[in-house]
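This is coords.cif (mmCIF, C-alpha atoms).
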data_target
loop_
_atom_site.label_atom_id
_atom_site.label_comp_id
_atom_site.auth_asym_id
_atom_site.auth_seq_id
_atom_site.Cartn_x
_atom_site.Cartn_y
_atom_site.Cartn_z
CA MET A 17 0.00 0.00 0.00
CA VAL A 18 1.33 3.42 -0.99
CA THR A 19 0.09 6.52 0.82
CA VAL A 20 1.00 10.16 0.86
CA PRO A 21 2.58 11.40 4.11
CA ALA A 22 0.26 13.30 6.41
CA GLY A 23 -0.06 16.96 5.61
CA ARG A 24 1.46 16.61 2.14
CA SER A 25 -0.35 17.25 -1.12
CA PHE A 26 0.60 17.38 -4.75
CA GLY A 27 -0.52 20.09 -7.14
CA ARG A 28 -0.63 23.82 -7.65
CA ARG A 29 -0.87 26.32 -4.83
CA THR A 30 -3.65 28.05 -6.81
CA PRO A 31 -6.02 25.98 -8.97
CA PRO A 32 -6.12 26.55 -12.74
CA LEU A 33 -8.86 28.97 -13.77
CA GLY A 34 -10.68 26.62 -16.14
CA GLY A 35 -10.66 23.74 -13.69
CA ALA A 36 -11.69 26.00 -10.80
CA LEU A 37 -14.62 27.42 -12.76
CA ALA A 38 -15.82 23.98 -13.86
CA TYR A 39 -15.40 22.60 -10.34
CA LEU A 40 -17.38 25.37 -8.65
CA LEU A 41 -20.21 25.23 -11.20
CA LEU A 42 -20.49 21.45 -10.84
CA ASN A 43 -20.63 21.59 -7.04
CA LEU A 44 -24.27 22.69 -7.00
CA PRO A 45 -25.82 19.91 -9.15
CA ILE A 46 -23.61 17.28 -7.53
CA GLY A 47 -24.46 18.70 -4.10
CA ILE A 48 -28.19 18.60 -4.83
CA LEU A 49 -27.96 14.98 -5.98
CA SER A 50 -25.86 13.96 -2.97
CA PHE A 51 -28.06 15.79 -0.47
CA THR A 52 -31.22 14.26 -1.94
CA LEU A 53 -29.84 10.71 -1.89
CA ILE A 54 -28.47 11.05 1.65
CA VAL A 55 -31.70 12.45 3.09
CA THR A 56 -33.88 9.95 1.19
CA LEU A 57 -31.84 6.85 2.04
CA ALA A 58 -31.25 7.89 5.66
CA SER A 59 -34.89 8.74 6.38
CA ALA A 60 -36.23 5.66 4.60
CA GLY A 61 -33.57 3.42 6.12
CA PHE A 62 -34.03 4.50 9.74
CA GLY A 63 -37.80 4.68 9.29
CA THR A 64 -38.03 1.05 8.18
CA LEU A 65 -35.19 -0.34 10.29
CA ILE A 66 -37.63 -1.98 12.70
CA VAL A 67 -38.90 -4.27 9.92
CA TRP A 68 -35.34 -4.88 8.59
CA LEU A 69 -36.15 -3.22 5.28
CA GLY A 70 -33.98 -0.34 6.35
CA VAL A 71 -30.83 -2.48 6.59
CA PRO A 72 -30.20 -2.71 2.82
CA LEU A 73 -31.13 0.97 2.43
CA LEU A 74 -28.57 2.02 5.06
CA ALA A 75 -26.03 -0.34 3.48
CA LEU A 76 -26.68 1.40 0.17
CA LEU A 77 -26.12 4.74 1.90
CA ILE A 78 -22.72 3.57 3.17
CA LEU A 79 -21.73 2.34 -0.28
CA PHE A 80 -22.88 5.61 -1.86
CA ALA A 81 -20.81 7.65 0.62
CA ARG A 82 -17.64 5.69 -0.07
CA ILE A 83 -18.08 5.59 -3.86
CA ALA A 84 -19.02 9.27 -4.06
CA GLY A 85 -16.10 10.11 -1.77
CA ARG A 86 -13.72 8.43 -4.22
CA VAL A 87 -15.33 10.33 -7.07
CA GLU A 88 -14.87 13.62 -5.22
CA ARG A 89 -11.19 12.89 -4.58
CA GLY A 90 -10.77 12.21 -8.27
CA ARG A 91 -12.66 15.39 -9.19
CA VAL A 92 -10.52 17.51 -6.87
CA PHE A 93 -7.38 16.09 -8.45
CA ALA A 94 -8.61 16.31 -12.05
CA LEU A 95 -9.94 19.88 -11.89
CA LEU A 96 -8.02 21.54 -9.06
CA ASP A 97 -4.76 19.58 -9.33
CA VAL A 98 -4.83 18.69 -5.62
CA TYR A 99 -4.19 15.08 -4.62
CA VAL A 100 -6.19 13.66 -1.70
CA ASP A 101 -4.98 10.30 -0.41
CA ASP A 102 -7.33 7.33 0.04
CA PRO A 103 -8.35 7.20 3.75
CA TYR A 104 -10.16 3.84 4.00
CA LEU A 105 -9.26 1.01 6.33
CA PRO A 106 -8.46 -2.19 4.43
CA LEU A 107 -11.35 -4.65 4.30
CA PRO A 108 -10.88 -8.15 5.74
CA PRO A 109 -10.00 -10.72 3.07
CA SER A 110 -13.10 -12.79 3.83
CA GLY A 111 -16.42 -12.64 5.66
CA GLN A 112 -19.10 -10.25 4.41
CA LYS A 113 -20.24 -9.41 7.93
CA GLN A 114 -16.75 -8.31 8.97
CA ARG A 115 -16.31 -6.36 5.77
CA TRP A 116 -19.55 -4.44 6.35
CA LEU A 117 -18.65 -3.82 9.99
CA THR A 118 -15.30 -2.41 8.86
CA ARG A 119 -17.05 -0.04 6.45
CA LEU A 120 -19.51 0.99 9.17
CA LYS A 121 -16.85 1.64 11.81
CA ASP A 122 -14.43 3.35 9.46
CA PRO A 123 -14.34 7.10 10.32
CA ALA A 124 -13.60 7.83 6.65
CA THR A 125 -17.12 6.65 5.75
CA TRP A 126 -18.73 9.24 8.01
CA ARG A 127 -16.33 11.98 6.95
CA ASP A 128 -17.26 11.27 3.34
CA LEU A 129 -20.93 11.42 4.29
CA SER A 130 -20.43 14.75 6.09
CA TYR A 131 -18.64 16.25 3.11
CA LEU A 132 -21.32 15.12 0.65
CA PHE A 133 -24.06 16.48 2.93
CA LEU A 134 -22.36 19.89 3.18
CA LEU A 135 -21.61 20.04 -0.55
CA PHE A 136 -25.14 21.29 -1.33
CA PRO A 137 -25.16 24.48 0.83
CA LEU A 138 -21.53 25.23 -0.03
CA GLY A 139 -22.14 24.59 -3.71
CA LEU A 140 -25.17 26.88 -3.67
CA VAL A 141 -23.18 29.80 -2.22
CA GLU A 142 -20.29 29.20 -4.60
CA PHE A 143 -22.58 28.94 -7.63
CA VAL A 144 -24.38 32.20 -6.82
CA LEU A 145 -21.14 34.12 -6.24
CA VAL A 146 -19.37 32.80 -9.33
CA VAL A 147 -22.32 33.18 -11.72
CA THR A 148 -23.10 36.69 -10.44
CA VAL A 149 -19.58 38.11 -10.72
CA TRP A 150 -18.92 36.53 -14.13
CA ALA A 151 -22.31 37.62 -15.49
CA VAL A 152 -21.71 41.21 -14.38
CA SER A 153 -18.17 41.30 -15.80
CA LEU A 154 -19.11 39.76 -19.16
CA GLY A 155 -22.21 41.95 -19.41
CA LEU A 156 -20.17 45.11 -18.90
CA VAL A 157 -17.30 44.09 -21.18
CA THR A 158 -19.64 43.31 -24.08
CA LEU A 159 -21.91 46.33 -23.51
CA PRO A 160 -20.37 48.30 -26.45
CA ILE A 161 -21.51 45.48 -28.73
CA TYR A 162 -25.03 44.61 -27.60
CA TYR A 163 -26.43 47.94 -26.34
CA ARG A 164 -27.61 48.80 -29.87
CA PHE A 165 -29.76 45.65 -29.97
CA LEU A 166 -31.70 46.66 -26.85
CA PRO A 167 -35.05 48.52 -27.08
CA ASP A 168 -34.50 51.93 -28.72
CA GLY A 169 -30.78 51.08 -28.93
CA VAL A 170 -30.27 52.30 -25.38
CA TYR A 171 -29.07 50.68 -22.17
CA ALA A 172 -30.42 52.37 -19.06
CA PHE A 173 -29.26 51.71 -15.50
CA PRO A 174 -30.86 50.69 -13.19
CA SER A 175 -34.01 50.52 -15.38
CA TYR A 176 -35.75 52.27 -18.24
CA ASP A 177 -38.10 53.97 -15.78
CA VAL A 178 -35.31 55.21 -13.51
CA GLN A 179 -32.40 56.15 -15.78
CA TRP A 180 -29.42 57.11 -13.65
CA PHE A 181 -26.97 56.22 -16.42
CA VAL A 182 -27.70 55.88 -20.13
CA VAL A 183 -25.57 54.14 -22.75
CA ASP A 184 -26.59 55.13 -26.27
CA SER A 185 -23.24 55.17 -28.09
CA THR A 186 -19.94 53.34 -28.18
CA VAL A 187 -18.23 56.24 -26.44
CA THR A 188 -20.60 56.16 -23.47
CA ALA A 189 -20.28 52.36 -23.32
CA LEU A 190 -16.48 52.28 -23.15
CA PRO A 191 -16.18 53.33 -19.47
CA TRP A 192 -18.57 50.52 -18.55
CA ALA A 193 -16.49 48.08 -20.59
CA ALA A 194 -13.42 49.22 -18.67
CA LEU A 195 -15.30 48.61 -15.43
CA GLY A 196 -16.17 45.17 -16.79
CA VAL A 197 -12.46 44.40 -17.23
CA LEU A 198 -11.97 45.25 -13.55
CA PHE A 199 -14.86 42.96 -12.62
CA ALA A 200 -13.32 40.24 -14.80
CA ALA A 201 -10.10 40.48 -12.79
CA ILE A 202 -12.15 40.24 -9.61
CA ALA A 203 -14.03 37.27 -11.07
CA VAL A 204 -10.76 35.44 -11.80
CA ALA A 205 -9.42 36.09 -8.30
CA LEU A 206 -12.73 35.10 -6.68
CA THR A 207 -13.01 31.91 -8.72
CA LYS A 208 -9.48 30.77 -7.88
CA GLY A 209 -9.87 31.80 -4.24
CA LEU A 210 -13.16 29.93 -3.77
CA ALA A 211 -11.73 26.86 -5.48
CA ALA A 212 -8.64 26.94 -3.27
CA LEU A 213 -10.79 27.26 -0.14
CA HIS A 214 -13.02 24.40 -1.25
CA ALA A 215 -9.97 22.27 -2.06
CA ALA A 216 -8.69 22.88 1.47
CA PHE A 217 -12.11 21.97 2.89
CA ALA A 218 -12.28 18.81 0.77
CA THR A 219 -8.75 17.84 1.74
CA GLY A 220 -9.53 18.34 5.41
CA LEU A 221 -12.52 16.01 5.34
CA LEU A 222 -11.64 13.50 2.62
CA ARG A 223 -8.01 12.70 3.41
CA PRO A 224 -6.94 10.38 6.25
CA THR A 225 -6.07 11.94 9.58
CA VAL A 226 -2.93 10.97 11.48
CA ALA A 227 -4.99 8.61 13.66
CA GLN A 228 -6.58 7.06 10.58
CA ARG A 229 -3.17 6.48 9.00
CA ARG A 230 -2.00 4.65 12.11
CA ARG A 231 -5.15 2.50 12.09
CA MET A 232 -4.65 1.79 8.38
CA GLU A 233 -1.06 0.66 9.01
CA ARG A 234 -2.11 -1.58 11.90
CA SER A 235 -4.92 -3.06 9.82
CA TRP A 236 -2.60 -3.81 6.91
CA ASN A 237 -0.10 -5.43 9.28
CA GLU A 238 -2.86 -7.58 10.79
CA ILE A 239 -4.07 -8.65 7.35
CA ASP A 240 -0.49 -9.44 6.25
CA GLY A 241 -0.04 -11.52 9.42
CA ILE A 242 -3.25 -13.45 8.75
CA THR A 243 -2.23 -14.03 5.14
CA VAL A 244 1.22 -15.33 6.15
CA ALA A 245 -0.23 -17.56 8.86
CA GLY A 246 -2.75 -18.96 6.41
#

Kindly present the structure from the file in structure tokens form.
Amino acid sequence: MVTVPAGRSFGRRTPPLGGALAYLLLNLPIGILSFTLIVTLASAGFGTLIVWLGVPLLALLILFARIAGRVERGRVFALLDVYVDDPYLPLPPSGQKQRWLTRLKDPATWRDLSYLFLLFPLGLVEFVLVVTVWAVSLGLVTLPIYYRFLPDGVYAFPSYDVQWFVVDSTVTALPWAALGVLFAAIAVALTKGLAALHAAFATGLLRPTVAQRRRMERSWNEIDGITVAG
């Protein structure tokens, strides 16, 4: 087994812009899907646990958390260029009951579940911020082009009823385009900053802690001892 030393990561200090933008925009739909599945499986599983129907539903929830956790580690590495080591305890070589108990007791399972649950509210905030700042910057930068296609060939701010500023020519649109360039610079910085913060959050929850690494090493040694003895 090869692991990355605790506290070490591979990748850029700041995520690439394209990957950061794609990552932040994908967080919301993935967060909605994860949140929905977690709430549905957990409520249905615990609600029907007394008649044993909830057991396979809760088992499915555990499997979803671990599989989705692996997907998130891969997504962080592919889009943000940040490597997050695999935190799971090794499963026993035989015995389905022991294997399921290992998954259930593994802290990494519940850390994955926590991350996936929090991905929806975090993704919502990130999506709103990123879409808003990019929409404003692109709208201002391209104002000298599209203002003439608006009603009466005029852009009025904040509205056509209350016209504080009016753009009716290329000359009057140029200052707004310059402001759009400033917003674009802010959008780039915000996108990279949010992605870096989210990468740190994902790394904190999805990578193994020092205690987990020690448990992983002990578990591998125990499995190696059983294999040799067998």

Atom-to-atom span, CA of Leu195 (chain A) and CA of Pro167 (chain A), Å: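 Computing the Euclidean distance for CA of Leu195 (chain A) and CA of Pro167 (chain A) yields 22.9 Å.
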
Residue nearest Ser59 (chain A) among A:Leu77, A:Phe143, A:Val204, A:Ala212 (counting all atoms listed in the file): A:Leu77

From A:Ser153, A:Thr219, A:Thr225, A:Thr56, residue lying nearest Ala193 (chain A) [all atoms listed in the file]: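 The answer is A:Ser153, which sits nearest to Ala193 (chain A).
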
Selected residue of minimal separation from Arg115 (chain A) among A:Leu221, A:Ala75, A:Val55, A:Val98, counting all atoms listed in the file: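 Among the listed residues, the smallest separation from Arg115 (chain A) belongs to A:Ala75.
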
Close residues, Thr207 (chain A) itself excluded, 9 Å, only C-alpha atoms, min 4 positions apart in chain, as a PyMOL selection string: chain A and resi 33+36-37+40+142+145-146+202-203+211-212

Nearest residue to Leu69 (chain A) from the set A:Leu166, A:Val183, A:Leu57, A:Ala81 (distances using only C-alpha atoms):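 Residue with the minimum atom-to-atom distance to Leu69 (chain A): A:Leu57.
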
Taking the block just given, write region 46-197 of chain A to a file that holds C-alpha atoms, as a PDB file, in the first residue's frame.
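Result file is decode34.pdb:
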ATOM      1  CA  ILE A  46     -23.613  17.278  -7.527  1.00  0.00           C
ATOM      2  CA  GLY A  47     -24.459  18.699  -4.102  1.00  0.00           C
ATOM      3  CA  ILE A  48     -28.189  18.603  -4.829  1.00  0.00           C
ATOM      4  CA  LEU A  49     -27.957  14.976  -5.977  1.00  0.00           C
ATOM      5  CA  SER A  50     -25.862  13.955  -2.970  1.00  0.00           C
ATOM      6  CA  PHE A  51     -28.063  15.791  -0.470  1.00  0.00           C
ATOM      7  CA  THR A  52     -31.218  14.259  -1.940  1.00  0.00           C
ATOM      8  CA  LEU A  53     -29.843  10.710  -1.887  1.00  0.00           C
ATOM      9  CA  ILE A  54     -28.471  11.051   1.653  1.00  0.00           C
ATOM     10  CA  VAL A  55     -31.699  12.448   3.086  1.00  0.00           C
ATOM     11  CA  THR A  56     -33.877   9.945   1.192  1.00  0.00           C
ATOM     12  CA  LEU A  57     -31.835   6.847   2.039  1.00  0.00           C
ATOM     13  CA  ALA A  58     -31.252   7.885   5.664  1.00  0.00           C
ATOM     14  CA  SER A  59     -34.894   8.743   6.383  1.00  0.00           C
ATOM     15  CA  ALA A  60     -36.232   5.662   4.601  1.00  0.00           C
ATOM     16  CA  GLY A  61     -33.571   3.419   6.120  1.00  0.00           C
ATOM     17  CA  PHE A  62     -34.029   4.498   9.737  1.00  0.00           C
ATOM     18  CA  GLY A  63     -37.805   4.681   9.294  1.00  0.00           C
ATOM     19  CA  THR A  64     -38.033   1.052   8.180  1.00  0.00           C
ATOM     20  CA  LEU A  65     -35.192  -0.337  10.286  1.00  0.00           C
ATOM     21  CA  ILE A  66     -37.630  -1.978  12.704  1.00  0.00           C
ATOM     22  CA  VAL A  67     -38.898  -4.273   9.923  1.00  0.00           C
ATOM     23  CA  TRP A  68     -35.343  -4.884   8.591  1.00  0.00           C
ATOM     24  CA  LEU A  69     -36.148  -3.222   5.277  1.00  0.00           C
ATOM     25  CA  GLY A  70     -33.979  -0.340   6.346  1.00  0.00           C
ATOM     26  CA  VAL A  71     -30.834  -2.479   6.588  1.00  0.00           C
ATOM     27  CA  PRO A  72     -30.200  -2.706   2.816  1.00  0.00           C
ATOM     28  CA  LEU A  73     -31.129   0.969   2.430  1.00  0.00           C
ATOM     29  CA  LEU A  74     -28.572   2.024   5.058  1.00  0.00           C
ATOM     30  CA  ALA A  75     -26.031  -0.336   3.481  1.00  0.00           C
ATOM     31  CA  LEU A  76     -26.684   1.404   0.169  1.00  0.00           C
ATOM     32  CA  LEU A  77     -26.119   4.744   1.902  1.00  0.00           C
ATOM     33  CA  ILE A  78     -22.723   3.569   3.173  1.00  0.00           C
ATOM     34  CA  LEU A  79     -21.732   2.345  -0.280  1.00  0.00           C
ATOM     35  CA  PHE A  80     -22.876   5.611  -1.856  1.00  0.00           C
ATOM     36  CA  ALA A  81     -20.808   7.650   0.622  1.00  0.00           C
ATOM     37  CA  ARG A  82     -17.640   5.687  -0.074  1.00  0.00           C
ATOM     38  CA  ILE A  83     -18.077   5.587  -3.859  1.00  0.00           C
ATOM     39  CA  ALA A  84     -19.021   9.272  -4.063  1.00  0.00           C
ATOM     40  CA  GLY A  85     -16.099  10.108  -1.774  1.00  0.00           C
ATOM     41  CA  ARG A  86     -13.724   8.430  -4.218  1.00  0.00           C
ATOM     42  CA  VAL A  87     -15.333  10.330  -7.074  1.00  0.00           C
ATOM     43  CA  GLU A  88     -14.867  13.618  -5.215  1.00  0.00           C
ATOM     44  CA  ARG A  89     -11.195  12.886  -4.577  1.00  0.00           C
ATOM     45  CA  GLY A  90     -10.774  12.206  -8.270  1.00  0.00           C
ATOM     46  CA  ARG A  91     -12.661  15.387  -9.187  1.00  0.00           C
ATOM     47  CA  VAL A  92     -10.518  17.510  -6.868  1.00  0.00           C
ATOM     48  CA  PHE A  93      -7.376  16.091  -8.448  1.00  0.00           C
ATOM     49  CA  ALA A  94      -8.613  16.310 -12.053  1.00  0.00           C
ATOM     50  CA  LEU A  95      -9.945  19.882 -11.890  1.00  0.00           C
ATOM     51  CA  LEU A  96      -8.018  21.540  -9.058  1.00  0.00           C
ATOM     52  CA  ASP A  97      -4.759  19.584  -9.329  1.00  0.00           C
ATOM     53  CA  VAL A  98      -4.831  18.686  -5.623  1.00  0.00           C
ATOM     54  CA  TYR A  99      -4.187  15.084  -4.622  1.00  0.00           C
ATOM     55  CA  VAL A 100      -6.188  13.655  -1.705  1.00  0.00           C
ATOM     56  CA  ASP A 101      -4.982  10.297  -0.413  1.00  0.00           C
ATOM     57  CA  ASP A 102      -7.327   7.335   0.039  1.00  0.00           C
ATOM     58  CA  PRO A 103      -8.352   7.195   3.753  1.00  0.00           C
ATOM     59  CA  TYR A 104     -10.159   3.844   4.001  1.00  0.00           C
ATOM     60  CA  LEU A 105      -9.261   1.014   6.330  1.00  0.00           C
ATOM     61  CA  PRO A 106      -8.461  -2.193   4.427  1.00  0.00           C
ATOM     62  CA  LEU A 107     -11.347  -4.655   4.298  1.00  0.00           C
ATOM     63  CA  PRO A 108     -10.879  -8.153   5.744  1.00  0.00           C
ATOM     64  CA  PRO A 109      -9.999 -10.720   3.073  1.00  0.00           C
ATOM     65  CA  SER A 110     -13.103 -12.791   3.833  1.00  0.00           C
ATOM     66  CA  GLY A 111     -16.417 -12.638   5.656  1.00  0.00           C
ATOM     67  CA  GLN A 112     -19.095 -10.248   4.410  1.00  0.00           C
ATOM     68  CA  LYS A 113     -20.236  -9.410   7.933  1.00  0.00           C
ATOM     69  CA  GLN A 114     -16.746  -8.314   8.971  1.00  0.00           C
ATOM     70  CA  ARG A 115     -16.307  -6.356   5.766  1.00  0.00           C
ATOM     71  CA  TRP A 116     -19.552  -4.444   6.345  1.00  0.00           C
ATOM     72  CA  LEU A 117     -18.653  -3.817   9.994  1.00  0.00           C
ATOM     73  CA  THR A 118     -15.301  -2.408   8.861  1.00  0.00           C
ATOM     74  CA  ARG A 119     -17.051  -0.040   6.452  1.00  0.00           C
ATOM     75  CA  LEU A 120     -19.507   0.991   9.166  1.00  0.00           C
ATOM     76  CA  LYS A 121     -16.847   1.639  11.811  1.00  0.00           C
ATOM     77  CA  ASP A 122     -14.427   3.345   9.455  1.00  0.00           C
ATOM     78  CA  PRO A 123     -14.336   7.098  10.321  1.00  0.00           C
ATOM     79  CA  ALA A 124     -13.604   7.834   6.653  1.00  0.00           C
ATOM     80  CA  THR A 125     -17.119   6.648   5.754  1.00  0.00           C
ATOM     81  CA  TRP A 126     -18.729   9.241   8.010  1.00  0.00           C
ATOM     82  CA  ARG A 127     -16.327  11.979   6.953  1.00  0.00           C
ATOM     83  CA  ASP A 128     -17.255  11.273   3.338  1.00  0.00           C
ATOM     84  CA  LEU A 129     -20.927  11.421   4.291  1.00  0.00           C
ATOM     85  CA  SER A 130     -20.430  14.748   6.088  1.00  0.00           C
ATOM     86  CA  TYR A 131     -18.635  16.250   3.105  1.00  0.00           C
ATOM     87  CA  LEU A 132     -21.319  15.121   0.654  1.00  0.00           C
ATOM     88  CA  PHE A 133     -24.056  16.485   2.931  1.00  0.00           C
ATOM     89  CA  LEU A 134     -22.364  19.892   3.182  1.00  0.00           C
ATOM     90  CA  LEU A 135     -21.613  20.041  -0.547  1.00  0.00           C
ATOM     91  CA  PHE A 136     -25.140  21.290  -1.330  1.00  0.00           C
ATOM     92  CA  PRO A 137     -25.157  24.483   0.826  1.00  0.00           C
ATOM     93  CA  LEU A 138     -21.526  25.233  -0.030  1.00  0.00           C
ATOM     94  CA  GLY A 139     -22.142  24.591  -3.714  1.00  0.00           C
ATOM     95  CA  LEU A 140     -25.169  26.883  -3.666  1.00  0.00           C
ATOM     96  CA  VAL A 141     -23.182  29.802  -2.216  1.00  0.00           C
ATOM     97  CA  GLU A 142     -20.288  29.204  -4.598  1.00  0.00           C
ATOM     98  CA  PHE A 143     -22.581  28.943  -7.632  1.00  0.00           C
ATOM     99  CA  VAL A 144     -24.380  32.203  -6.825  1.00  0.00           C
ATOM    100  CA  LEU A 145     -21.143  34.115  -6.239  1.00  0.00           C
ATOM    101  CA  VAL A 146     -19.368  32.800  -9.334  1.00  0.00           C
ATOM    102  CA  VAL A 147     -22.316  33.184 -11.716  1.00  0.00           C
ATOM    103  CA  THR A 148     -23.098  36.688 -10.439  1.00  0.00           C
ATOM    104  CA  VAL A 149     -19.577  38.109 -10.719  1.00  0.00           C
ATOM    105  CA  TRP A 150     -18.921  36.527 -14.125  1.00  0.00           C
ATOM    106  CA  ALA A 151     -22.313  37.616 -15.489  1.00  0.00           C
ATOM    107  CA  VAL A 152     -21.707  41.205 -14.378  1.00  0.00           C
ATOM    108  CA  SER A 153     -18.174  41.302 -15.802  1.00  0.00           C
ATOM    109  CA  LEU A 154     -19.114  39.762 -19.155  1.00  0.00           C
ATOM    110  CA  GLY A 155     -22.212  41.951 -19.407  1.00  0.00           C
ATOM    111  CA  LEU A 156     -20.174  45.110 -18.900  1.00  0.00           C
ATOM    112  CA  VAL A 157     -17.302  44.092 -21.176  1.00  0.00           C
ATOM    113  CA  THR A 158     -19.645  43.313 -24.079  1.00  0.00           C
ATOM    114  CA  LEU A 159     -21.908  46.333 -23.510  1.00  0.00           C
ATOM    115  CA  PRO A 160     -20.368  48.302 -26.448  1.00  0.00           C
ATOM    116  CA  ILE A 161     -21.514  45.477 -28.731  1.00  0.00           C
ATOM    117  CA  TYR A 162     -25.028  44.610 -27.601  1.00  0.00           C
ATOM    118  CA  TYR A 163     -26.433  47.945 -26.338  1.00  0.00           C
ATOM    119  CA  ARG A 164     -27.610  48.803 -29.869  1.00  0.00           C
ATOM    120  CA  PHE A 165     -29.762  45.651 -29.967  1.00  0.00           C
ATOM    121  CA  LEU A 166     -31.705  46.663 -26.848  1.00  0.00           C
ATOM    122  CA  PRO A 167     -35.053  48.516 -27.077  1.00  0.00           C
ATOM    123  CA  ASP A 168     -34.496  51.928 -28.718  1.00  0.00           C
ATOM    124  CA  GLY A 169     -30.778  51.079 -28.934  1.00  0.00           C
ATOM    125  CA  VAL A 170     -30.270  52.304 -25.382  1.00  0.00           C
ATOM    126  CA  TYR A 171     -29.073  50.677 -22.174  1.00  0.00           C
ATOM    127  CA  ALA A 172     -30.417  52.369 -19.056  1.00  0.00           C
ATOM    128  CA  PHE A 173     -29.262  51.708 -15.503  1.00  0.00           C
ATOM    129  CA  PRO A 174     -30.859  50.690 -13.191  1.00  0.00           C
ATOM    130  CA  SER A 175     -34.009  50.525 -15.375  1.00  0.00           C
ATOM    131  CA  TYR A 176     -35.749  52.273 -18.239  1.00  0.00           C
ATOM    132  CA  ASP A 177     -38.100  53.972 -15.780  1.00  0.00           C
ATOM    133  CA  VAL A 178     -35.305  55.214 -13.514  1.00  0.00           C
ATOM    134  CA  GLN A 179     -32.401  56.150 -15.777  1.00  0.00           C
ATOM    135  CA  TRP A 180     -29.424  57.108 -13.646  1.00  0.00           C
ATOM    136  CA  PHE A 181     -26.974  56.217 -16.421  1.00  0.00           C
ATOM    137  CA  VAL A 182     -27.700  55.879 -20.126  1.00  0.00           C
ATOM    138  CA  VAL A 183     -25.572  54.140 -22.752  1.00  0.00           C
ATOM    139  CA  ASP A 184     -26.589  55.135 -26.265  1.00  0.00           C
ATOM    140  CA  SER A 185     -23.239  55.166 -28.091  1.00  0.00           C
ATOM    141  CA  THR A 186     -19.938  53.336 -28.185  1.00  0.00           C
ATOM    142  CA  VAL A 187     -18.227  56.244 -26.436  1.00  0.00           C
ATOM    143  CA  THR A 188     -20.600  56.162 -23.474  1.00  0.00           C
ATOM    144  CA  ALA A 189     -20.283  52.359 -23.322  1.00  0.00           C
ATOM    145  CA  LEU A 190     -16.478  52.278 -23.148  1.00  0.00           C
ATOM    146  CA  PRO A 191     -16.182  53.334 -19.467  1.00  0.00           C
ATOM    147  CA  TRP A 192     -18.571  50.525 -18.554  1.00  0.00           C
ATOM    148  CA  ALA A 193     -16.490  48.080 -20.585  1.00  0.00           C
ATOM    149  CA  ALA A 194     -13.416  49.221 -18.666  1.00  0.00           C
ATOM    150  CA  LEU A 195     -15.301  48.613 -15.427  1.00  0.00           C
ATOM    151  CA  GLY A 196     -16.172  45.174 -16.793  1.00  0.00           C
ATOM    152  CA  VAL A 197     -12.463  44.399 -17.225  1.00  0.00           C
TER     153      VAL A 197
END
